[in-house]
>>> print(open('query.cif').read())   # mmCIF, C-alpha atoms and all ligand atoms; chains and numbers go by the auth columns
data_work
#
loop_
_atom_site.group_PDB
_atom_site.id
_atom_site.type_symbol
_atom_site.label_atom_id
_atom_site.label_comp_id
_atom_site.label_asym_id
_atom_site.label_seq_id
_atom_site.Cartn_x
_atom_site.Cartn_y
_atom_site.Cartn_z
_atom_site.B_iso_or_equiv
_atom_site.auth_seq_id
_atom_site.auth_asym_id
ATOM 1 C CA MET A 1 173.386 122.176 185.467 0.00 1 F
ATOM 2 C CA LYS A 2 174.551 118.574 185.267 0.00 2 F
ATOM 3 C CA LEU A 3 171.885 115.962 184.857 0.00 3 F
ATOM 4 C CA SER A 4 173.205 113.949 187.802 0.00 4 F
ATOM 5 C CA THR A 5 172.873 117.071 189.988 0.00 5 F
ATOM 6 C CA VAL A 6 169.320 117.600 188.738 0.00 6 F
ATOM 7 C CA ARG A 7 168.462 114.016 189.647 0.00 7 F
ATOM 8 C CA LYS A 8 169.831 114.470 193.166 0.00 8 F
ATOM 9 C CA LEU A 9 167.954 117.758 193.602 0.00 9 F
ATOM 10 C CA ILE A 10 164.671 116.249 192.457 0.00 10 F
ATOM 11 C CA THR A 11 165.118 113.211 194.732 0.00 11 F
ATOM 12 C CA ALA A 12 165.935 115.500 197.662 0.00 12 F
ATOM 13 C CA GLY A 13 163.028 117.797 196.803 0.00 13 F
ATOM 14 C CA PHE A 14 160.465 115.008 196.808 0.00 14 F
ATOM 15 C CA THR A 15 161.956 113.421 199.937 0.00 15 F
ATOM 16 C CA ILE A 16 161.739 116.718 201.839 0.00 16 F
ATOM 17 C CA CYS A 17 158.240 117.256 200.506 0.00 17 F
ATOM 18 C CA ILE A 18 157.072 113.845 201.777 0.00 18 F
ATOM 19 C CA LEU A 19 158.865 114.225 205.137 0.00 19 F
ATOM 20 C CA VAL A 20 157.375 117.673 205.726 0.00 20 F
ATOM 21 C CA SER A 21 153.901 116.373 204.841 0.00 21 F
ATOM 22 C CA ILE A 22 154.284 113.507 207.312 0.00 22 F
ATOM 23 C CA ILE A 23 155.438 115.922 210.028 0.00 23 F
ATOM 24 C CA GLY A 24 152.517 118.198 209.175 0.00 24 F
ATOM 25 C CA ILE A 25 149.962 115.389 209.349 0.00 25 F
ATOM 26 C CA PHE A 26 151.225 113.524 212.425 0.00 26 F
ATOM 27 C CA GLY A 27 153.266 116.104 214.309 0.00 27 F
ATOM 28 C CA GLY A 28 150.670 118.788 213.697 0.00 28 F
ATOM 29 C CA ALA A 29 147.711 116.636 214.752 0.00 29 F
ATOM 30 C CA GLY A 30 147.154 118.623 217.953 0.00 30 F
ATOM 31 C CA ASP A 31 148.580 121.844 216.591 0.00 31 F
ATOM 32 C CA PRO A 32 146.729 123.279 213.574 0.00 32 F
ATOM 33 C CA VAL A 33 149.181 126.169 213.187 0.00 33 F
ATOM 34 C CA LEU A 34 152.199 123.857 212.890 0.00 34 F
ATOM 35 C CA SER A 35 150.182 121.609 210.609 0.00 35 F
ATOM 36 C CA ASN A 36 149.341 124.543 208.337 0.00 36 F
ATOM 37 C CA TYR A 37 152.964 125.691 208.213 0.00 37 F
ATOM 38 C CA MET A 38 154.214 122.207 207.377 0.00 38 F
ATOM 39 C CA LEU A 39 151.645 121.621 204.660 0.00 39 F
ATOM 40 C CA THR A 40 152.392 125.013 203.122 0.00 40 F
ATOM 41 C CA ALA A 41 156.119 124.187 203.202 0.00 41 F
ATOM 42 C CA ALA A 42 155.369 120.823 201.573 0.00 42 F
ATOM 43 C CA VAL A 43 153.471 122.541 198.754 0.00 43 F
ATOM 44 C CA VAL A 44 156.315 125.051 198.300 0.00 44 F
ATOM 45 C CA PHE A 45 158.939 122.287 198.110 0.00 45 F
ATOM 46 C CA PHE A 46 156.727 120.361 195.712 0.00 46 F
ATOM 47 C CA LEU A 47 156.396 123.385 193.416 0.00 47 F
ATOM 48 C CA ILE A 48 160.152 124.039 193.541 0.00 48 F
ATOM 49 C CA THR A 49 160.829 120.421 192.615 0.00 49 F
ATOM 50 C CA VAL A 50 158.316 120.525 189.757 0.00 50 F
ATOM 51 C CA GLY A 51 159.948 123.775 188.624 0.00 51 F
ATOM 52 C CA ILE A 52 163.365 122.077 188.587 0.00 52 F
ATOM 53 C CA ILE A 53 161.889 119.224 186.528 0.00 53 F
ATOM 54 C CA MET A 54 160.312 121.661 184.049 0.00 54 F
ATOM 55 C CA LYS A 55 163.492 123.686 183.678 0.00 55 F
ATOM 56 C CA TRP A 56 166.300 121.156 183.847 0.00 56 F
ATOM 57 C CA ALA A 57 164.907 117.648 183.225 0.00 57 F
ATOM 58 C CA ARG A 58 165.848 117.788 179.587 0.00 58 F
ATOM 59 C CA CYS A 59 168.541 116.532 177.279 0.00 59 F
ATOM 60 C CA PRO A 60 171.681 118.707 177.528 0.00 60 F
ATOM 61 C CA TRP A 61 172.388 118.081 173.852 0.00 61 F
ATOM 62 C CA CYS A 62 169.098 118.591 171.994 0.00 62 F
ATOM 63 C CA GLY A 63 166.915 120.121 174.737 0.00 63 F
ATOM 64 C CA GLY A 64 164.271 117.414 174.415 0.00 64 F
ATOM 65 C CA SER A 65 162.124 116.720 177.444 0.00 65 F
ATOM 66 C CA LEU A 66 163.162 113.772 179.616 0.00 66 F
ATOM 67 C CA MET A 67 160.230 113.836 181.997 0.00 67 F
ATOM 68 C CA ARG A 68 159.243 110.282 181.255 0.00 68 F
ATOM 69 C CA LYS A 69 161.570 107.690 182.798 0.00 69 F
ATOM 70 C CA PHE A 70 163.836 110.521 183.905 0.00 70 F
ATOM 71 C CA PHE A 71 165.619 108.408 186.508 0.00 71 F
ATOM 72 C CA SER A 72 166.240 105.364 184.332 0.00 72 F
ATOM 73 C CA LEU A 73 167.184 107.035 181.061 0.00 73 F
ATOM 74 C CA LYS A 74 170.828 106.828 180.037 0.00 74 F
ATOM 75 C CA VAL A 75 170.388 107.709 176.379 0.00 75 F
ATOM 76 C CA CYS A 76 168.258 110.580 175.106 0.00 76 F
ATOM 77 C CA PRO A 77 165.093 109.273 173.368 0.00 77 F
ATOM 78 C CA HIS A 78 165.169 112.235 170.962 0.00 78 F
ATOM 79 C CA CYS A 79 168.739 112.483 169.686 0.00 79 F
ATOM 80 C CA HIS A 80 170.054 109.109 170.992 0.00 80 F
ATOM 81 C CA ARG A 81 173.094 110.650 172.644 0.00 81 F
ATOM 82 C CA ASP A 82 174.452 109.421 175.942 0.00 82 F
ATOM 83 C CA LEU A 83 173.138 111.825 178.569 0.00 83 F
ATOM 84 C CA GLU A 84 176.464 111.845 180.468 0.00 84 F
ATOM 85 C CA THR A 85 179.029 111.888 177.700 0.00 85 F
ATOM 86 C CA GLY A 86 177.044 113.154 174.692 0.00 86 F
ATOM 87 C CA LYS A 87 178.370 110.358 172.512 0.00 87 F
ATOM 88 C CA LYS A 88 176.091 108.838 169.958 0.00 88 F
ATOM 89 C CA LYS A 89 175.056 105.303 170.698 0.00 89 F
ATOM 90 C CA LYS A 90 177.039 102.841 168.664 0.00 90 F
ATOM 91 C CA GLY A 91 176.283 99.336 167.504 0.00 91 F
ATOM 92 C CA LYS A 92 172.824 97.886 167.269 0.00 92 F
ATOM 93 C CA GLY A 93 170.041 100.368 166.777 0.00 93 F
ATOM 94 C CA GLY A 94 172.466 103.228 166.465 0.00 94 F
ATOM 95 C CA ARG A 95 171.722 104.125 162.911 0.00 95 F
HETATM 96 ZN ZN ZN B . 168.713 114.651 173.106 0.00 101 I
#
>>> encode(input="query.cif", output="structure tokens", more="lines below")
Ligand SMILES: [Zn+2]
Amino acid sequence: MKLSTVRKLITAGFTICILVSIIGIFGGAGDPVLSNYMLTAAVVFFLITVGIIMKWARCPWCGGSLMRKFFSLKVCPHCHRDLETGKKKKGKGGR
């Protein structure tokens, strides 16, 4: 899976998770059954998203974990390759 796709999936996963929680808390205020369903769904979406992070939030070139700063990283901190193109960083610091 492409890293850009993974980023979109994780963003969508967390957004859905938060939205469902909000619906569960506010929309389910007078309806404990709905509230329970929504909070369960939120937990499920959260676990799916965490699973995606565990499985795919890593460098496509060396397999190193990119969990930290996943959304701002452009170059792998382990092998220093560009995460999109796989090219080694040139110029300063690119020894
Ligand atoms: Zn790497």
>>> resolve_selection(input="query.cif", expression="the PyMOL selection byres (((not hetatm)) within 8 of (chain I and resi 101))", output="list in words")
Arg58, Cys59, Pro60, Trp61, Cys62, Gly63, Gly64, Val75, Cys76, Pro77, His78, Cys79, His80, Arg81 and Leu83 of chain F
>>> resolve_selection(input="query.cif", expression="the PyMOL selection byres (((chain F and resi 56) around 8) and not hetatm)", output="list in words")
Met1, Leu3, Val6, Ile52, Ile53, Met54, Lys55, Ala57 and Arg58 of chain F
>>> closest_residue(input="query.cif", among="F:Ile48, F:Val43, F:Val20, F:Glu84", to="F:Lys2", atoms="only C-alpha atoms")
F:Glu84
>>> resolve_selection(input="query.cif", expression="the PyMOL selection byres (((chain F and resi 71) around 10) and not hetatm)", output="list in words")
Leu3, Ser4, Arg7, Lys8, Ile10, Thr11, Ala57, Leu66, Met67, Arg68, Lys69, Phe70, Ser72, Leu73 and Lys74 of chain F
>>> atom_distance(input="query.cif", atom1="atom CA of F:Met38", atom2="atom CA of F:Leu19")
9.5 Å
>>> closest_residue(input="query.cif", among="F:Ser35, F:Thr85, F:Thr49, F:Thr40", to="F:Gly13", atoms="only C-alpha atoms")
F:Thr49
>>> atom_distance(input="query.cif", atom1="atom CA of F:Ser65", atom2="atom CA of F:Gly86")
15.6 Å
>>> atom_distance(input="query.cif", atom1="atom CA of F:Phe45", atom2="atom CA of F:Ile25")
16.0 Å
>>> closest_residue(input="query.cif", among="F:Asp82, F:Ala12, F:Leu47, F:Asn36", to="F:Gly24", atoms="all atoms listed in the file")
F:Asn36
>>> closest_residue(input="query.cif", among="F:Thr5, F:Lys89, F:Leu34, F:Val44", to="F:Ile18", atoms="all atoms listed in the file")
F:Val44
>>> decode(input="query.cif", residues="chain F", atoms="C-alpha atoms", output="compact mmCIF listing (two decimals), in the first residue's frame")
# COMPACT_ATOMS: atom_id res chain seq x y z
CA MET F 1 0.00 0.00 0.00
CA LYS F 2 1.18 3.50 -0.85
CA LEU F 3 2.17 5.69 2.03
CA SER F 4 -0.10 8.51 0.85
CA THR F 5 -3.04 6.06 0.89
CA VAL F 6 -2.09 4.94 4.40
CA ARG F 7 -2.06 8.56 5.55
CA LYS F 8 -5.52 9.16 4.11
CA LEU F 9 -6.87 5.97 5.69
CA ILE F 10 -5.48 6.86 9.10
CA THR F 11 -6.86 10.42 8.89
CA ALA F 12 -10.26 9.05 7.85
CA GLY F 13 -10.13 6.39 10.56
CA PHE F 14 -9.49 8.87 13.35
CA THR F 15 -12.04 11.34 11.96
CA ILE F 16 -14.75 8.66 11.88
CA CYS F 17 -13.72 7.51 15.33
CA ILE F 18 -14.09 11.03 16.77
CA LEU F 19 -17.37 11.70 14.91
CA VAL F 20 -18.89 8.42 16.10
CA SER F 21 -17.82 9.16 19.68
CA ILE F 22 -19.43 12.60 19.51
CA ILE F 23 -22.65 11.09 18.13
CA GLY F 24 -22.52 8.45 20.85
CA ILE F 25 -22.04 10.99 23.64
CA PHE F 26 -24.47 13.70 22.50
CA GLY F 27 -26.90 11.88 20.23
CA GLY F 28 -27.10 8.93 22.59
CA ALA F 29 -27.65 11.04 25.71
CA GLY F 30 -31.28 9.94 26.06
CA ASP F 31 -30.76 6.59 24.38
CA PRO F 32 -28.29 4.27 26.14
CA VAL F 33 -28.59 1.58 23.46
CA LEU F 34 -27.60 3.96 20.65
CA SER F 35 -24.88 5.36 22.88
CA ASN F 36 -23.48 1.88 23.49
CA TYR F 37 -23.54 1.03 19.79
CA MET F 38 -21.78 4.25 18.84
CA LEU F 39 -19.09 3.89 21.49
CA THR F 40 -18.48 0.29 20.47
CA ALA F 41 -18.21 1.40 16.83
CA ALA F 42 -15.78 4.14 17.88
CA VAL F 43 -13.58 1.59 19.66
CA VAL F 44 -13.70 -0.72 16.62
CA PHE F 45 -12.71 2.10 14.24
CA PHE F 46 -9.96 3.14 16.63
CA LEU F 47 -8.55 -0.40 16.73
CA ILE F 48 -8.72 -0.70 12.93
CA THR F 49 -6.85 2.59 12.58
CA VAL F 50 -4.21 1.54 15.11
CA GLY F 51 -3.92 -1.76 13.22
CA ILE F 52 -3.32 0.13 9.96
CA ILE F 53 -0.64 2.21 11.69
CA MET F 54 1.06 -0.91 13.09
CA LYS F 55 1.00 -2.70 9.75
CA TRP F 56 1.59 0.00 7.17
CA ALA F 57 3.06 3.09 8.86
CA ARG F 58 6.57 2.07 7.95
CA CYS F 59 9.21 2.88 5.40
CA PRO F 60 8.51 1.10 2.09
CA TRP F 61 12.24 0.79 1.48
CA CYS F 62 13.79 -0.45 4.73
CA GLY F 63 10.67 -1.37 6.75
CA GLY F 64 11.60 0.94 9.61
CA SER F 65 8.79 2.24 11.78
CA LEU F 66 7.50 5.73 10.97
CA MET F 67 5.09 6.07 13.86
CA ARG F 68 6.71 9.21 15.15
CA LYS F 69 5.98 12.29 13.03
CA PHE F 70 4.24 10.04 10.52
CA PHE F 71 2.35 12.90 8.89
CA SER F 72 5.26 15.30 8.56
CA LEU F 73 8.01 12.90 7.51
CA LYS F 74 9.18 13.12 3.91
CA VAL F 75 12.46 11.27 4.32
CA CYS F 76 12.86 8.01 6.21
CA PRO F 77 14.77 8.55 9.50
CA HIS F 78 16.32 5.08 9.20
CA CYS F 79 17.61 4.78 5.63
CA HIS F 80 17.28 8.47 4.60
CA ARG F 81 15.38 7.67 1.42
CA ASP F 82 12.57 9.83 0.13
CA LEU F 83 9.36 8.11 1.20
CA GLU F 84 7.63 8.85 -2.13
CA THR F 85 10.38 8.28 -4.66
CA GLY F 86 12.88 6.11 -2.75
CA LYS F 87 15.76 8.33 -3.81
CA LYS F 88 18.55 8.94 -1.38
CA LYS F 89 18.73 12.45 -0.06
CA LYS F 90 21.40 14.43 -1.81
CA GLY F 91 23.41 17.44 -0.74
CA LYS F 92 23.90 18.50 2.83
CA GLY F 93 23.63 15.76 5.40
CA GLY F 94 23.27 13.12 2.74
CA ARG F 95 26.43 11.26 3.45
